[in-house]
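Text of entry-v8.csv, listed as CSV, C-alpha atoms:
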chain,number,residue,atom,x,y,z
R,184,MET,CA,97.1,89.9,100.6
R,185,ARG,CA,98.5,88.2,97.5
R,186,LEU,CA,101.1,90.1,95.3
R,187,ASP,CA,102.3,88.7,92.0
R,188,ILE,CA,105.3,90.3,90.3
R,189,VAL,CA,105.7,89.4,86.6
R,190,THR,CA,109.3,90.0,85.5
R,191,LEU,CA,112.0,89.1,83.0
R,192,PHE,CA,114.5,89.0,85.8
R,193,PRO,CA,113.0,86.9,88.7
R,194,GLU,CA,116.3,86.3,90.5
R,195,MET,CA,116.7,90.1,90.9
R,196,VAL,CA,113.3,90.4,92.5
R,197,THR,CA,113.4,87.2,94.6
R,198,SER,CA,116.7,88.0,96.3
R,199,ALA,CA,115.5,91.5,97.3
R,200,LEU,CA,112.3,90.1,98.9
R,201,ASP,CA,114.2,87.7,101.1
R,202,HIS,CA,115.2,90.2,103.8
R,203,SER,CA,113.9,92.3,106.7
R,204,ILE,CA,110.3,93.2,107.1
R,205,VAL,CA,109.1,91.7,103.8
R,206,LYS,CA,110.7,88.3,104.6
R,207,ARG,CA,109.2,88.3,108.1
R,208,ALA,CA,105.7,89.2,106.7
R,209,LYS,CA,106.0,86.4,104.1
R,210,ASP,CA,107.1,83.9,106.6
R,211,SER,CA,104.3,84.7,109.0
R,212,GLY,CA,101.7,84.6,106.3
R,213,LEU,CA,100.7,88.2,106.4
R,214,ILE,CA,101.4,88.6,102.7
R,215,THR,CA,102.0,86.1,99.8
R,216,ILE,CA,104.4,87.3,97.1
R,217,ASN,CA,104.9,85.2,94.0
R,218,VAL,CA,107.6,86.1,91.4
R,219,VAL,CA,106.7,85.0,87.9
R,220,ASN,CA,109.1,84.6,85.0
R,221,LEU,CA,107.5,86.2,82.0
R,222,ARG,CA,109.7,84.0,79.7
R,223,ASP,CA,107.9,80.9,80.9
R,224,PHE,CA,104.9,82.2,78.8
R,225,ALA,CA,106.8,82.9,75.6
R,226,LEU,CA,105.6,80.9,72.6
R,227,ASP,CA,108.8,80.1,70.8
R,228,LYS,CA,111.8,77.9,71.8
R,229,HIS,CA,114.0,81.0,72.3
R,230,LYS,CA,111.6,82.4,75.0
R,231,THR,CA,111.2,85.7,73.1
R,232,THR,CA,109.3,88.4,74.9
R,233,ASP,CA,110.1,91.4,72.8
R,234,ASP,CA,110.1,92.4,69.1
R,235,MET,CA,110.8,95.4,66.8
R,236,PRO,CA,108.1,98.1,66.7
R,237,TYR,CA,105.7,98.4,63.8
R,238,GLY,CA,106.5,101.6,61.9
R,239,GLY,CA,110.2,101.4,62.6
R,240,GLY,CA,112.2,103.2,65.2
R,241,GLY,CA,114.8,102.3,67.8
R,242,GLY,CA,114.5,99.9,70.6
R,243,MET,CA,112.3,96.8,71.3
R,244,VAL,CA,108.7,96.5,72.5
R,245,MET,CA,107.4,93.9,74.9
R,246,LYS,CA,105.1,91.4,73.1
R,247,ILE,CA,101.5,91.0,74.0
R,248,GLU,CA,101.2,87.2,73.8
R,249,PRO,CA,103.4,86.2,76.8
R,250,VAL,CA,102.1,89.1,78.9
R,251,ALA,CA,98.5,88.1,78.2
R,252,LEU,CA,99.1,84.4,79.0
R,253,ALA,CA,101.0,85.3,82.2
R,254,LEU,CA,98.3,87.7,83.5
R,255,GLU,CA,95.5,85.2,82.6
R,256,SER,CA,97.3,82.4,84.5
R,257,LEU,CA,97.4,84.6,87.6
R,258,SER,CA,93.9,86.1,87.5
R,259,THR,CA,91.9,82.9,87.0
R,260,GLY,CA,91.8,79.5,88.6
R,261,ALA,CA,91.9,78.2,92.2
R,262,GLY,CA,92.7,80.7,94.9
R,263,ILE,CA,91.5,83.7,93.0
R,264,VAL,CA,88.8,85.4,95.1
R,265,ALA,CA,88.2,88.5,93.0
R,266,ASP,CA,89.4,90.4,90.0
R,267,PRO,CA,92.9,91.4,90.8
R,268,ARG,CA,94.3,94.9,90.3
R,269,ILE,CA,96.8,94.6,87.5
R,270,VAL,CA,99.5,97.3,87.5
R,271,LEU,CA,102.1,98.2,84.9
R,272,THR,CA,105.2,100.0,86.0
R,273,ASP,CA,105.5,102.8,83.5
R,274,PRO,CA,106.5,106.5,83.6
R,275,ARG,CA,103.1,107.4,82.1
R,276,GLY,CA,101.4,106.5,85.4
R,277,PRO,CA,100.8,108.7,88.5
R,278,LYS,CA,103.6,108.7,91.1
R,279,PHE,CA,103.3,106.0,93.8
R,280,ASP,CA,102.8,107.7,97.1
R,281,GLN,CA,101.6,106.9,100.6
R,282,GLU,CA,97.9,107.6,99.7
R,283,ILE,CA,98.1,105.1,96.9
R,284,ALA,CA,99.9,102.6,99.1
R,285,ARG,CA,97.2,102.8,101.8
R,286,LYS,CA,94.5,102.2,99.2
R,287,TRP,CA,96.2,99.3,97.5
R,288,ALA,CA,97.2,97.7,100.8
R,289,GLN,CA,93.5,97.0,101.3
R,290,GLU,CA,93.3,94.9,98.1
R,291,ASP,CA,93.1,91.1,98.2
R,292,HIS,CA,95.2,90.6,95.1
R,293,ILE,CA,97.6,92.8,93.0
R,294,ILE,CA,99.6,91.8,90.0
R,295,ILE,CA,102.6,94.0,89.0
R,296,LEU,CA,103.9,93.8,85.5
R,297,CYS,CA,107.5,95.0,85.2
R,298,GLY,CA,107.9,97.1,82.1
R,299,HIS,CA,111.0,97.0,79.9
R,300,TYR,CA,112.7,98.1,76.7
R,301,GLU,CA,111.0,101.0,74.9
R,302,GLY,CA,107.7,100.0,76.5
R,303,VAL,CA,104.9,97.5,75.9
R,304,ASP,CA,102.6,96.7,73.1
R,305,ASN,CA,99.9,99.3,73.7
R,306,ARG,CA,97.2,96.7,73.6
R,307,ILE,CA,98.5,95.6,77.0
R,308,ARG,CA,97.6,99.0,78.3
R,309,GLU,CA,94.2,99.1,76.5
R,310,GLN,CA,93.1,95.6,77.3
R,311,LEU,CA,95.0,93.8,80.1
R,312,ILE,CA,95.9,96.2,82.9
R,313,THR,CA,93.9,98.3,85.4
R,314,ASP,CA,96.6,100.8,86.4
R,315,GLU,CA,99.9,102.3,85.5
R,316,ILE,CA,102.3,103.5,88.1
R,317,SER,CA,105.6,105.4,88.3
R,318,ILE,CA,108.0,105.9,91.2
R,319,GLY,CA,109.5,109.2,90.0
R,320,ASP,CA,110.6,111.3,87.1
R,321,TYR,CA,113.8,109.5,86.1
R,322,ILE,CA,114.8,106.7,83.8
R,323,LEU,CA,115.4,103.1,85.1
R,324,THR,CA,116.5,100.0,83.2
R,325,GLY,CA,113.3,98.2,84.0
R,326,GLY,CA,110.3,97.9,86.2
R,327,GLU,CA,111.8,95.6,88.8
R,328,LEU,CA,113.0,98.3,91.2
R,329,PRO,CA,109.6,100.1,91.1
R,330,ALA,CA,107.9,96.7,91.7
R,331,LEU,CA,110.1,96.2,94.8
R,332,VAL,CA,109.4,99.7,96.1
R,333,ILE,CA,105.6,99.0,95.8
R,334,ALA,CA,106.0,95.5,97.4
R,335,ASP,CA,107.8,97.0,100.4
R,336,GLY,CA,105.4,99.9,100.7
R,337,LEU,CA,102.3,97.5,100.7
R,338,THR,CA,103.9,94.9,102.9
R,339,ARG,CA,104.6,97.2,105.8
R,340,LEU,CA,101.0,98.4,105.8
R,341,GLN,CA,99.7,94.9,106.4
R,342,PRO,CA,98.4,94.6,110.0
R,343,GLY,CA,101.1,93.0,112.2
R,344,ALA,CA,104.0,93.5,109.7
R,345,LEU,CA,105.8,96.0,111.9
R,346,GLY,CA,105.0,94.7,115.3
R,347,ASP,CA,104.0,98.1,116.6
R,348,GLN,CA,100.4,98.6,115.4
R,349,ALA,CA,100.8,102.4,115.6
R,350,ALA,CA,104.1,102.5,113.7
R,351,THR,CA,102.6,103.2,110.2
R,352,GLN,CA,100.6,106.1,111.7
R,353,LYS,CA,103.8,107.7,112.8
R,354,ASP,CA,105.7,107.3,109.6
R,355,THR,CA,106.7,110.1,107.3
R,356,PHE,CA,103.9,110.9,104.9
R,357,SER,CA,101.3,109.3,107.1
R,358,GLU,CA,99.8,112.8,107.6
R,359,ASN,CA,101.9,114.7,105.0
R,360,LEU,CA,104.6,115.5,107.5
R,361,LEU,CA,108.2,114.5,107.6
R,362,GLU,CA,109.5,112.7,110.6
R,363,TYR,CA,111.1,114.4,113.6
R,364,PRO,CA,114.8,113.9,114.5
R,365,HIS,CA,115.8,110.6,116.2
R,366,TYR,CA,118.7,110.1,118.6
R,367,THR,CA,120.0,107.1,120.5
R,368,ARG,CA,123.0,106.1,122.7
R,369,PRO,CA,125.6,107.3,123.4
R,370,ARG,CA,124.4,110.6,124.8
R,371,ASN,CA,127.7,112.3,123.9
R,372,PHE,CA,129.9,111.4,121.0
R,373,ARG,CA,133.0,113.5,120.5
R,374,GLU,CA,131.6,117.0,120.9
R,375,TRP,CA,128.1,116.2,119.7
R,376,SER,CA,125.3,115.7,122.2
R,377,ILE,CA,121.6,115.0,121.9
R,378,PRO,CA,119.1,117.7,122.8
R,379,ASP,CA,118.5,118.0,126.6
R,380,ILE,CA,114.8,118.1,126.0
R,381,LEU,CA,114.7,114.5,125.1
R,382,LEU,CA,116.1,113.6,128.6
R,383,SER,CA,113.5,115.6,130.4
R,384,GLY,CA,111.2,112.6,131.0
R,385,HIS,CA,108.2,114.9,130.3
R,386,HIS,CA,106.2,113.2,127.6
R,387,ALA,CA,104.1,116.2,126.7
R,388,ILE,CA,107.2,118.4,126.2
R,389,ILE,CA,108.9,115.8,124.1
R,390,GLU,CA,105.8,115.2,122.0
R,391,GLY,CA,105.6,119.0,121.5
R,392,TRP,CA,109.2,119.2,120.5
R,393,ARG,CA,108.9,116.4,118.0
R,394,ARG,CA,105.8,117.9,116.5
R,395,TRP,CA,107.5,121.3,116.2
R,396,HIS,CA,110.3,119.7,114.2
R,397,GLN,CA,107.8,117.8,112.0
R,398,LEU,CA,106.0,121.0,111.1
R,399,GLN,CA,109.1,123.2,110.7
R,400,THR,CA,111.0,120.7,108.7
R,401,THR,CA,108.1,119.9,106.4
R,402,ARG,CA,107.4,123.6,105.8
R,403,GLU,CA,111.0,124.3,105.0
R,404,ARG,CA,111.9,121.2,102.9
R,405,ARG,CA,108.7,119.9,101.4
R,406,PRO,CA,106.2,122.8,101.0
R,407,ASP,CA,104.3,120.7,98.6
R,408,LEU,CA,103.5,118.3,101.4
R,409,PHE,CA,103.0,121.0,104.0
R,410,THR,CA,100.2,122.6,102.0
R,411,LYS,CA,98.3,119.2,102.1
R,412,HIS,CA,98.6,118.9,105.9
R,413,ILE,CA,95.5,120.2,107.8
R,414,LEU,CA,96.9,122.3,110.6
R,415,THR,CA,95.2,122.0,114.0
R,416,ASN,CA,95.0,124.8,116.5
R,417,ALA,CA,97.9,123.2,118.4
R,418,ASP,CA,100.0,123.0,115.2
R,419,ILE,CA,99.5,126.7,114.6
R,420,LYS,CA,100.6,127.6,118.1
R,421,LEU,CA,103.7,125.4,117.8
R,422,LEU,CA,104.6,127.1,114.5
R,423,ASN,CA,104.6,130.4,116.2
R,424,LEU,CA,107.3,129.3,118.7
R,425,GLU,CA,111.0,129.3,118.2
R,426,GLU,CA,113.0,126.1,118.5
R,427,PRO,CA,113.1,125.1,122.2
R,428,GLU,CA,116.5,124.7,123.8
R,429,ALA,CA,115.7,123.5,127.3
R,430,PRO,CA,112.6,121.7,128.8
R,431,PRO,CA,111.6,124.6,131.1
R,432,ASP,CA,111.9,127.1,128.3
R,433,PHE,CA,109.6,125.1,126.0
R,434,LEU,CA,107.1,124.4,128.8
R,435,THR,CA,106.8,128.1,129.5
R,436,LYS,CA,106.3,128.9,125.8
R,437,LEU,CA,103.7,126.1,125.4
R,438,ASN,CA,101.7,127.4,128.4
R,439,SER,CA,101.9,131.0,127.4
R,440,SER,CA,100.4,130.1,124.0
R,441,ARG,CA,97.5,128.0,125.3
R,442,SER,CA,94.0,129.2,125.3
R,443,ALA,CA,92.0,129.9,128.4
R,444,ASP,CA,90.1,126.5,128.2
R,445,GLU,CA,93.3,124.4,127.8
R,446,PRO,CA,94.9,122.8,130.9
R,447,GLU,CA,98.4,124.0,131.8
R,448,LEU,CA,101.2,121.6,131.2
R,449,LYS,CA,103.3,120.6,134.2

Structure rendered as structure tokens:
Amino acid sequence: MRLDIVTLFPEMVTSALDHSIVKRAKDSGLITINVVNLRDFALDKHKTTDDMPYGGGGGMVMKIEPVALALESLSTGAGIVADPRIVLTDPRGPKFDQEIARKWAQEDHIIILCGHYEGVDNRIREQLITDEISIGDYILTGGELPALVIADGLTRLQPGALGDQAATQKDTFSENLLEYPHYTRPRNFREWSIPDILLSGHHAIIEGWRRWHQLQTTRERRPDLFTKHILTNADIKLLNLEEPEAPPDFLTKLNSSRSADEPELK
């Protein structure tokens, strides 16, 4: 996958992309990310990329000429295999979520234009881009942080980026459920200890415990997500149980809730 980010502040974007999973994915060739300085396509000696809006009003507006030239340079020529998806970071767009991330991760080429100032010349929206996208209902200084969020979300969905091929299927939002609680060593810290059930060695019990927490936590904290999740028969049974406190207790409850044609857990 090729990802181009067009920005007025390339150093801000480049530095953030040179760490962790994104860096490893770039180094291994799983994704190519190019950071493009919009000022390189300005037409005057001062590298001007904004101007006052027609009709008056406060603030400045991103000019169409440098944007058009930048996007054309990235969407034509050698190495371009198909028409790219051209995305403007803008509060008018839909919110970026995991469903969009999975869809866009299949693209061969995406260009992200980082919005700034009071907005862009509307002809950019009308003629040059294919999508607008937002990362939330709040105000940011510019589109660089949204572009980085999108870049990270798309990179980790590239096959091989996480090492564990099943990791993205277990992530929060992969099936509209929040993640279950995680614990690691030491077993006891001060007076805080991890749940005994995680030390049972019984994989079916542990998976049931984790699923119970996913369902309960999502229902309590993100009912908007929970309504999107398609409950299985097993999910419904788990939701009818109280939180397990010990492995034998949970195993008994799981077996008592099973149907006649389901095998007993041991």

Practice task
For Lys230 (chain R), work out the shell of residues within 12 Å, counting only C-alpha atoms and skipping chain neighbours fewer than 6 positions away, then give it as a VMD selection string.
Solution key: chain R and resid 191 220 to 224 246 248 to 249

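As for CA of Ala208 (chain R) and CA of Thr338 (chain R), they are spaced 7.1 Å apart.
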
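Distances to Pro236 (chain R) were evaluated for R:Ser198, R:Ser383, R:Thr415, R:Asn305 using all atoms listed in the file, and the minimum falls at R:Asn305.
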
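The space separating CA of Leu213 (chain R) from CA of Asp335 (chain R) comes to 12.8 Å.
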
Around (102.4, 119.4, 119.0) in the file's own coordinates, what residues are found within 8 Å if you use only C-alpha atoms, given back as a short mmCIF file (atom, residue, chain, number, x, y, z; two decimals) with C-alpha atoms, in the frame of the given file?
data_model
loop_
_atom_site.label_atom_id
_atom_site.label_comp_id
_atom_site.auth_asym_id
_atom_site.auth_seq_id
_atom_site.Cartn_x
_atom_site.Cartn_y
_atom_site.Cartn_z
CA GLU R 390 105.80 115.20 122.00
CA GLY R 391 105.60 119.00 121.50
CA TRP R 392 109.20 119.20 120.50
CA ARG R 393 108.90 116.40 118.00
CA ARG R 394 105.80 117.90 116.50
CA TRP R 395 107.50 121.30 116.20
CA ALA R 417 97.90 123.20 118.40
CA ASP R 418 100.00 123.00 115.20
CA LEU R 421 103.70 125.40 117.80
#

Using the atoms already present, construct N, CA and C atoms for region 227-242 of chain R and hand them back as a PDB file, in the frame of the given file.
ATOM      1  N   ASP R 227     107.817  80.721  71.689  1.00  0.00           N
ATOM      2  CA  ASP R 227     108.800  80.100  70.800  1.00  0.00           C
ATOM      3  C   ASP R 227     109.929  79.484  71.670  1.00  0.00           C
ATOM      4  N   LYS R 228     110.765  78.681  71.037  1.00  0.00           N
ATOM      5  CA  LYS R 228     111.800  77.900  71.800  1.00  0.00           C
ATOM      6  C   LYS R 228     112.875  78.864  72.335  1.00  0.00           C
ATOM      7  N   HIS R 229     112.979  80.067  71.796  1.00  0.00           N
ATOM      8  CA  HIS R 229     114.000  81.000  72.300  1.00  0.00           C
ATOM      9  C   HIS R 229     113.451  81.874  73.453  1.00  0.00           C
ATOM     10  N   LYS R 230     112.200  81.656  73.842  1.00  0.00           N
ATOM     11  CA  LYS R 230     111.600  82.400  75.000  1.00  0.00           C
ATOM     12  C   LYS R 230     111.575  83.901  74.683  1.00  0.00           C
ATOM     13  N   THR R 231     111.191  84.283  73.488  1.00  0.00           N
ATOM     14  CA  THR R 231     111.200  85.700  73.100  1.00  0.00           C
ATOM     15  C   THR R 231     110.049  86.456  73.684  1.00  0.00           C
ATOM     16  N   THR R 232     110.368  87.567  74.309  1.00  0.00           N
ATOM     17  CA  THR R 232     109.300  88.400  74.900  1.00  0.00           C
ATOM     18  C   THR R 232     109.262  89.800  74.353  1.00  0.00           C
ATOM     19  N   ASP R 233     110.098  90.097  73.354  1.00  0.00           N
ATOM     20  CA  ASP R 233     110.100  91.400  72.800  1.00  0.00           C
ATOM     21  C   ASP R 233     110.293  91.327  71.261  1.00  0.00           C
ATOM     22  N   ASP R 234     109.975  92.408  70.565  1.00  0.00           N
ATOM     23  CA  ASP R 234     110.100  92.400  69.100  1.00  0.00           C
ATOM     24  C   ASP R 234     110.249  93.872  68.657  1.00  0.00           C
ATOM     25  N   MET R 235     110.619  94.045  67.375  1.00  0.00           N
ATOM     26  CA  MET R 235     110.800  95.400  66.800  1.00  0.00           C
ATOM     27  C   MET R 235     109.412  96.057  66.658  1.00  0.00           C
ATOM     28  N   PRO R 236     109.339  97.363  66.838  1.00  0.00           N
ATOM     29  CA  PRO R 236     108.100  98.100  66.700  1.00  0.00           C
ATOM     30  C   PRO R 236     107.600  98.204  65.298  1.00  0.00           C
ATOM     31  N   TYR R 237     106.295  98.071  65.085  1.00  0.00           N
ATOM     32  CA  TYR R 237     105.700  98.400  63.800  1.00  0.00           C
ATOM     33  C   TYR R 237     105.961  99.878  63.496  1.00  0.00           C
ATOM     34  N   GLY R 238     106.253 100.194  62.251  1.00  0.00           N
ATOM     35  CA  GLY R 238     106.500 101.600  61.900  1.00  0.00           C
ATOM     36  C   GLY R 238     107.912 102.009  62.001  1.00  0.00           C
ATOM     37  N   GLY R 239     108.775 101.097  62.503  1.00  0.00           N
ATOM     38  CA  GLY R 239     110.200 101.400  62.600  1.00  0.00           C
ATOM     39  C   GLY R 239     110.513 102.173  63.904  1.00  0.00           C
ATOM     40  N   GLY R 240     111.760 102.529  64.039  1.00  0.00           N
ATOM     41  CA  GLY R 240     112.200 103.200  65.200  1.00  0.00           C
ATOM     42  C   GLY R 240     113.153 102.362  66.042  1.00  0.00           C
ATOM     43  N   GLY R 241     113.877 102.984  66.956  1.00  0.00           N
ATOM     44  CA  GLY R 241     114.800 102.300  67.800  1.00  0.00           C
ATOM     45  C   GLY R 241     114.196 101.523  68.917  1.00  0.00           C
ATOM     46  N   GLY R 242     114.957 100.571  69.453  1.00  0.00           N
ATOM     47  CA  GLY R 242     114.500  99.900  70.600  1.00  0.00           C
ATOM     48  C   GLY R 242     113.573  98.709  70.315  1.00  0.00           C
TER      49      GLY R 242
END
